[in-house]
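Dropping protein-v5.csv in here (CSV, C-alpha atoms):
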```
chain,number,residue,atom,x,y,z
A,14,GLY,CA,-11.1,21.5,15.1
A,15,SER,CA,-11.8,20.1,11.7
A,16,ALA,CA,-10.3,21.2,8.4
A,17,SER,CA,-10.5,20.0,4.9
A,18,LEU,CA,-8.2,19.7,2.0
A,19,SER,CA,-9.9,19.6,-1.4
A,20,SER,CA,-8.3,19.6,-4.8
A,21,THR,CA,-9.4,18.9,-8.3
A,22,SER,CA,-6.1,19.7,-9.9
A,23,SER,CA,-2.5,18.7,-9.6
A,24,PHE,CA,-0.1,20.1,-7.0
A,25,ASN,CA,3.5,19.5,-5.9
A,26,MET,CA,4.9,19.5,-2.4
A,27,ASP,CA,8.7,19.4,-2.2
A,28,SER,CA,10.8,18.9,0.9
A,29,CYS,CA,7.9,19.5,3.3
A,30,THR,CA,6.0,17.9,6.1
A,31,PHE,CA,2.3,17.6,5.6
A,32,SER,CA,0.2,16.6,8.6
A,33,THR,CA,-3.5,16.4,9.4
A,34,ALA,CA,-5.1,15.6,12.8
A,35,ASP,CA,-8.5,15.3,14.4
A,36,SER,CA,-11.5,15.2,12.1
A,37,SER,CA,-9.9,16.5,8.9
A,38,THR,CA,-11.3,15.5,5.5
A,39,ILE,CA,-9.2,15.1,2.4
A,40,ASP,CA,-10.9,14.9,-0.9
A,41,ILE,CA,-8.5,14.9,-3.8
A,42,GLU,CA,-9.2,14.5,-7.5
A,43,GLY,CA,-5.9,15.4,-9.1
A,44,THR,CA,-2.3,14.4,-9.0
A,45,PRO,CA,-0.4,15.3,-5.8
A,46,SER,CA,3.3,14.8,-6.2
A,47,TRP,CA,5.4,14.6,-3.0
A,48,ARG,CA,9.2,14.8,-3.1
A,49,SER,CA,11.5,14.4,-0.1
A,50,SER,CA,8.4,15.0,2.1
A,51,THR,CA,6.7,13.4,5.0
A,52,ILE,CA,2.9,13.0,4.9
A,53,ASN,CA,1.2,12.2,8.2
A,54,ILE,CA,-2.5,11.7,8.0
A,55,ASP,CA,-4.1,11.1,11.4
A,56,GLY,CA,-7.7,10.9,12.5
A,57,SER,CA,-8.9,11.8,9.1
A,58,SER,CA,-11.0,10.4,6.3
A,59,ALA,CA,-9.6,10.5,2.9
A,60,ASP,CA,-11.0,9.9,-0.5
A,61,PHE,CA,-8.6,9.9,-3.5
A,62,ARG,CA,-10.6,9.7,-6.8
A,63,ASN,CA,-9.1,9.5,-10.2
A,64,THR,CA,-5.8,10.4,-8.7
A,65,ILE,CA,-2.2,9.5,-9.3
A,66,ILE,CA,-0.2,9.7,-6.1
A,67,ASP,CA,3.5,10.1,-6.7
A,68,LEU,CA,5.9,9.6,-3.9
A,69,ASN,CA,9.4,10.4,-4.9
A,70,THR,CA,12.8,10.1,-3.3
A,71,GLY,CA,12.8,10.2,0.4
A,72,SER,CA,9.0,10.6,0.9
A,73,THR,CA,7.0,8.7,3.5
A,74,PHE,CA,3.2,8.5,3.4
A,75,ASN,CA,2.1,7.6,6.9
A,76,TRP,CA,-1.6,6.6,7.3
A,77,LEU,CA,-2.0,6.8,11.1
A,78,SER,CA,-5.7,6.5,11.7
A,79,GLY,CA,-9.1,6.9,10.1
A,80,ASN,CA,-10.3,5.5,6.9
A,81,LEU,CA,-8.4,5.6,3.6
A,82,ASN,CA,-10.4,5.0,0.5
A,83,THR,CA,-9.3,5.2,-3.1
A,84,ASN,CA,-11.2,4.3,-6.2
A,85,GLY,CA,-10.1,2.0,-9.1
A,86,ASN,CA,-8.7,4.9,-11.0
A,87,THR,CA,-6.3,5.9,-8.3
A,88,ASN,CA,-2.7,4.8,-8.5
A,89,PHE,CA,0.2,4.9,-6.1
A,90,GLY,CA,3.7,5.3,-7.5
A,91,LEU,CA,6.6,4.9,-5.1
A,92,GLN,CA,10.2,5.7,-6.0
A,93,GLY,CA,12.6,5.6,-3.1
A,94,SER,CA,9.7,6.1,-0.7
A,95,MET,CA,7.5,4.4,1.8
A,96,LEU,CA,3.8,3.8,2.0
A,97,HIS,CA,3.0,2.9,5.7
A,98,LEU,CA,-0.5,1.9,6.7
A,99,ASP,CA,-0.3,2.2,10.4
A,100,LYS,CA,-3.8,2.3,11.9
A,101,GLY,CA,-7.3,2.6,10.8
A,102,ASN,CA,-8.7,0.9,7.7
A,103,ALA,CA,-7.1,1.1,4.3
A,104,ALA,CA,-8.9,0.0,1.1
A,105,ILE,CA,-6.8,0.9,-1.9
A,106,ASN,CA,-8.4,0.3,-5.2
A,107,GLY,CA,-6.1,0.8,-8.1
A,108,ASP,CA,-2.5,0.2,-9.1
A,109,VAL,CA,0.4,0.2,-6.7
A,110,SER,CA,3.9,0.3,-8.0
A,111,ALA,CA,6.9,0.4,-5.7
A,112,ASP,CA,10.5,0.3,-7.0
A,113,SER,CA,13.4,-1.6,-5.6
A,114,THR,CA,14.3,1.2,-3.2
A,115,SER,CA,10.7,1.6,-1.8
A,116,THR,CA,8.8,-0.1,1.0
A,117,VAL,CA,5.2,-0.9,1.5
A,118,LYS,CA,4.4,-1.6,5.2
A,119,THR,CA,1.1,-2.7,6.8
A,120,SER,CA,0.8,-2.3,10.5
A,121,SER,CA,-3.0,-2.5,10.4
A,122,SER,CA,-5.5,-4.3,8.3
A,123,ALA,CA,-5.2,-3.4,4.6
A,124,THR,CA,-6.8,-4.5,1.4
A,125,PHE,CA,-5.4,-3.9,-2.1
A,126,ASP,CA,-8.0,-4.4,-4.8
A,127,ASN,CA,-8.9,-3.9,-8.4
A,128,GLY,CA,-5.5,-3.1,-9.8
A,129,ASP,CA,-2.0,-4.4,-10.3
A,130,PHE,CA,0.3,-4.6,-7.3
A,131,PHE,CA,4.0,-4.5,-8.3
A,132,ASN,CA,6.5,-4.3,-5.6
A,133,SER,CA,10.2,-4.9,-6.3
A,134,GLY,CA,11.2,-3.4,-3.0
A,135,ALA,CA,10.4,-4.4,0.5
A,136,LEU,CA,7.0,-5.6,1.7
A,137,VAL,CA,6.6,-5.6,5.5
A,138,VAL,CA,3.5,-7.3,6.9
A,139,ASP,CA,2.8,-6.7,10.5
A,140,SER,CA,-1.0,-7.1,10.2
A,141,ASP,CA,-3.6,-8.7,7.9
A,142,LEU,CA,-2.9,-7.9,4.2
A,143,THR,CA,-5.3,-9.1,1.5
A,144,PHE,CA,-5.1,-8.9,-2.2
A,145,GLY,CA,-8.6,-9.0,-3.5
A,146,SER,CA,-9.7,-8.5,-7.1
A,147,ASN,CA,-6.3,-7.7,-8.4
A,148,SER,CA,-5.4,-8.8,-11.9
A,149,ALA,CA,-1.8,-9.3,-11.1
A,150,VAL,CA,0.3,-9.3,-7.9
A,151,SER,CA,4.1,-9.3,-8.2
A,152,VAL,CA,6.3,-9.3,-5.1
A,153,THR,CA,9.8,-9.7,-6.1
A,154,GLY,CA,11.9,-7.9,-3.5
A,155,SER,CA,11.9,-8.9,0.1
A,156,VAL,CA,9.0,-9.9,2.3
A,157,THR,CA,9.1,-9.7,6.1
A,158,GLN,CA,6.1,-11.0,8.0
A,159,THR,CA,5.8,-10.8,11.7
A,160,SER,CA,2.0,-11.4,12.2
A,161,GLY,CA,-1.3,-11.4,10.5
A,162,THR,CA,-2.5,-13.2,7.5
A,163,LEU,CA,-1.1,-12.5,4.0
A,164,ARG,CA,-3.9,-13.6,1.7
A,165,PHE,CA,-3.8,-13.9,-2.0
A,166,ASN,CA,-7.5,-13.9,-2.8
A,167,HIS,CA,-7.3,-12.6,-6.3
A,168,ALA,CA,-8.1,-14.6,-9.5
A,169,GLY,CA,-5.2,-13.2,-11.4
A,170,THR,CA,-1.5,-14.1,-11.5
A,171,ALA,CA,0.9,-14.1,-8.6
A,172,THR,CA,4.6,-13.7,-9.2
A,173,LEU,CA,6.8,-14.3,-6.1
A,174,GLY,CA,10.5,-13.7,-5.9
A,175,GLY,CA,13.2,-12.4,-3.7
A,176,THR,CA,13.6,-13.5,-0.1
A,177,TRP,CA,10.6,-14.2,2.2
A,178,ILE,CA,11.1,-14.3,5.9
A,179,SER,CA,8.1,-15.0,8.2
A,180,THR,CA,8.2,-15.3,11.9
A,181,GLY,CA,4.5,-15.5,12.4
A,182,GLY,CA,1.1,-15.4,10.7
A,183,ASP,CA,-0.2,-17.3,7.7
A,184,ILE,CA,0.2,-17.1,4.0
A,185,ILE,CA,-2.9,-18.2,2.1
A,186,MET,CA,-3.1,-18.8,-1.6
A,187,ASP,CA,-6.8,-18.8,-2.3
A,188,LYS,CA,-7.3,-18.6,-6.0
A,189,PRO,CA,-4.6,-17.1,-8.1
A,190,THR,CA,-4.9,-18.5,-11.6
A,191,SER,CA,-1.2,-19.1,-11.7
A,192,VAL,CA,1.7,-18.8,-9.2
A,193,SER,CA,5.3,-18.5,-10.2
A,194,ALA,CA,7.8,-18.5,-7.5
A,195,SER,CA,11.6,-18.1,-7.6
A,196,SER,CA,11.9,-17.3,-3.9
A,197,ASN,CA,13.9,-18.2,-0.9
A,198,PHE,CA,11.3,-19.1,1.7
A,199,ASP,CA,12.2,-19.0,5.4
A,200,LEU,CA,8.8,-19.5,6.9
A,201,ASP,CA,7.6,-20.2,10.4
A,202,VAL,CA,4.0,-20.3,9.2
A,203,ASP,CA,1.3,-22.5,7.7
A,204,PHE,CA,1.6,-22.2,3.9
A,205,GLU,CA,-1.9,-23.0,2.6
```
Here is a file; write its structure as structure tokens.
Amino acid sequence: GSASLSSTSSFNMDSCTFSTADSSTIDIEGTPSWRSSTINIDGSSADFRNTIIDLNTGSTFNWLSGNLNTNGNTNFGLQGSMLHLDKGNAAINGDVSADSTSTVKTSSSATFDNGDFFNSGALVVDSDLTFGSNSAVSVTGSVTQTSGTLRFNHAGTATLGGTWISTGGDIIMDKPTSVSASSNFDLDVDFE
């Protein structure tokens, strides 16, 4: 059957597993904070509006299928955690901040837009990943790309650091206003 989770306030979930399935609907306008938890969202549609999503120590946010939409006032904050976009379509509008002990992984097509993207941890690209209208993109940890196109299509700044290893796919720099790189590139791709 279908179910819905709706919240207009903040809530905390500590050391728990939170799962949805089938045709669930998630509509959150508040600040959910997950610690040491696993969030599995499957077959659902989710809208996060004006929301700060805190993933702290040992949390994993798995987007398994369905559509994930956030507006420009929604921010993801990862500390010692993972944001995994596995299936479905993910359009994340807002800031994404991942510390050096965190991982952002795309296994299905994903777009980050209209916010700053700062990742000093691991970025794992197994499918198309596009940065759209971001003002700044900073990837300074490690990048591992196995397939898909990693496209910097934003008109802001791009700061690249750390170690980049690519065994497939393409990296396209469309229109960043400035690119600063202090990286070790081991690329088996076309670097456009």
Expected residue set, 9 Å radius at (11.7, -6.9, -2.8), all atoms listed in the file, as a PDB file with C-alpha atoms, in the coordinates of the input:
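Printed below is result_3.pdb as written:
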```pdb
ATOM      1  CA  ASP A 112      10.500   0.300  -7.000  1.00  0.00           C
ATOM      2  CA  SER A 113      13.400  -1.600  -5.600  1.00  0.00           C
ATOM      3  CA  THR A 114      14.300   1.200  -3.200  1.00  0.00           C
ATOM      4  CA  SER A 115      10.700   1.600  -1.800  1.00  0.00           C
ATOM      5  CA  THR A 116       8.800  -0.100   1.000  1.00  0.00           C
ATOM      6  CA  ASN A 132       6.500  -4.300  -5.600  1.00  0.00           C
ATOM      7  CA  SER A 133      10.200  -4.900  -6.300  1.00  0.00           C
ATOM      8  CA  GLY A 134      11.200  -3.400  -3.000  1.00  0.00           C
ATOM      9  CA  ALA A 135      10.400  -4.400   0.500  1.00  0.00           C
ATOM     10  CA  LEU A 136       7.000  -5.600   1.700  1.00  0.00           C
ATOM     11  CA  VAL A 152       6.300  -9.300  -5.100  1.00  0.00           C
ATOM     12  CA  THR A 153       9.800  -9.700  -6.100  1.00  0.00           C
ATOM     13  CA  GLY A 154      11.900  -7.900  -3.500  1.00  0.00           C
ATOM     14  CA  SER A 155      11.900  -8.900   0.100  1.00  0.00           C
ATOM     15  CA  VAL A 156       9.000  -9.900   2.300  1.00  0.00           C
ATOM     16  CA  GLY A 174      10.500 -13.700  -5.900  1.00  0.00           C
ATOM     17  CA  GLY A 175      13.200 -12.400  -3.700  1.00  0.00           C
ATOM     18  CA  THR A 176      13.600 -13.500  -0.100  1.00  0.00           C
ATOM     19  CA  TRP A 177      10.600 -14.200   2.200  1.00  0.00           C
TER      20      TRP A 177
END
```
With 6 Å as the threshold, what does the neighbourhood of (2.2, 2.5, 6.0) contain in terms of residues, counting only C-alpha atoms? Coordinates are those of the file; answer as a list of chain:residue names.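 I get A:Asn75, A:Trp76, A:Leu96, A:His97, A:Leu98, A:Asp99, A:Lys118, A:Thr119 for the residues within 6 Å of that point.
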Extract, using only C-alpha atoms, all DNA, RNA and protein residues at most 7 Å from Phe144 in chain A, discarding same-chain residues fewer than 3 positions from it, and format them as a PDB file with C-alpha atoms, keeping the file's coordinate frame.
```
ATOM      1  CA  THR A 124      -6.800  -4.500   1.400  1.00  0.00           C
ATOM      2  CA  PHE A 125      -5.400  -3.900  -2.100  1.00  0.00           C
ATOM      3  CA  ASP A 126      -8.000  -4.400  -4.800  1.00  0.00           C
ATOM      4  CA  ASN A 147      -6.300  -7.700  -8.400  1.00  0.00           C
ATOM      5  CA  ARG A 164      -3.900 -13.600   1.700  1.00  0.00           C
ATOM      6  CA  PHE A 165      -3.800 -13.900  -2.000  1.00  0.00           C
ATOM      7  CA  ASN A 166      -7.500 -13.900  -2.800  1.00  0.00           C
ATOM      8  CA  HIS A 167      -7.300 -12.600  -6.300  1.00  0.00           C
TER       9      HIS A 167
END
```
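With all atoms listed in the file as the atoms that count, the residue of A:Val109, A:Met95, A:Leu81, A:Leu18 with the shortest distance to Ser50 in chain A is A:Met95.
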Restricting the calculation to only C-alpha atoms, which member of A:Thr159, A:Asn82, A:Ser49, A:Asn63 is positioned closest to Met26 in chain A?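 Closest candidate: A:Ser49.
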Counting only C-alpha atoms, the residue of A:Gly182, A:Gly85, A:Gly93, A:Gly56 that sits nearest Ile105 in chain A: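 Going through A:Gly182, A:Gly85, A:Gly93, A:Gly56 one by one, the smallest distance to Ile105 in chain A is for A:Gly85.
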Calculate how many Å separate CA of Ala123 in chain A from CA of Ser151 in chain A, rounding to one decimal.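 Straight-line distance from CA of Ala123 in chain A to CA of Ser151 in chain A works out to 16.9 Å.
As for CA of Ser57 in chain A and CA of Thr162 in chain A, they are spaced 25.9 Å apart.
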Do you have the CA of Leu77 in chain A-CA of Leu142 in chain A distance handy? 16.3 Å
Min atom-atom distance to Glu42 in chain A from the set A:Ala59, A:Ala103, A:Ile54, A:Cys29, counting only C-alpha atoms, belongs to A:Ala59
Given the choices A:Ala104, A:Met186, A:Ile65, A:Ala34, which gets closest to Asn86 in chain A if the distance is worked out from only C-alpha atoms?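 Smallest separation from Asn86 in chain A among the options: A:Ile65.
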Out of A:Asp129, A:Asp67, A:Asp141, A:Asp108, which residue has the shortest atom-to-atom distance to Leu91 in chain A when counting all atoms listed in the file?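 Distance minimum relative to Leu91 in chain A lands on A:Asp67.
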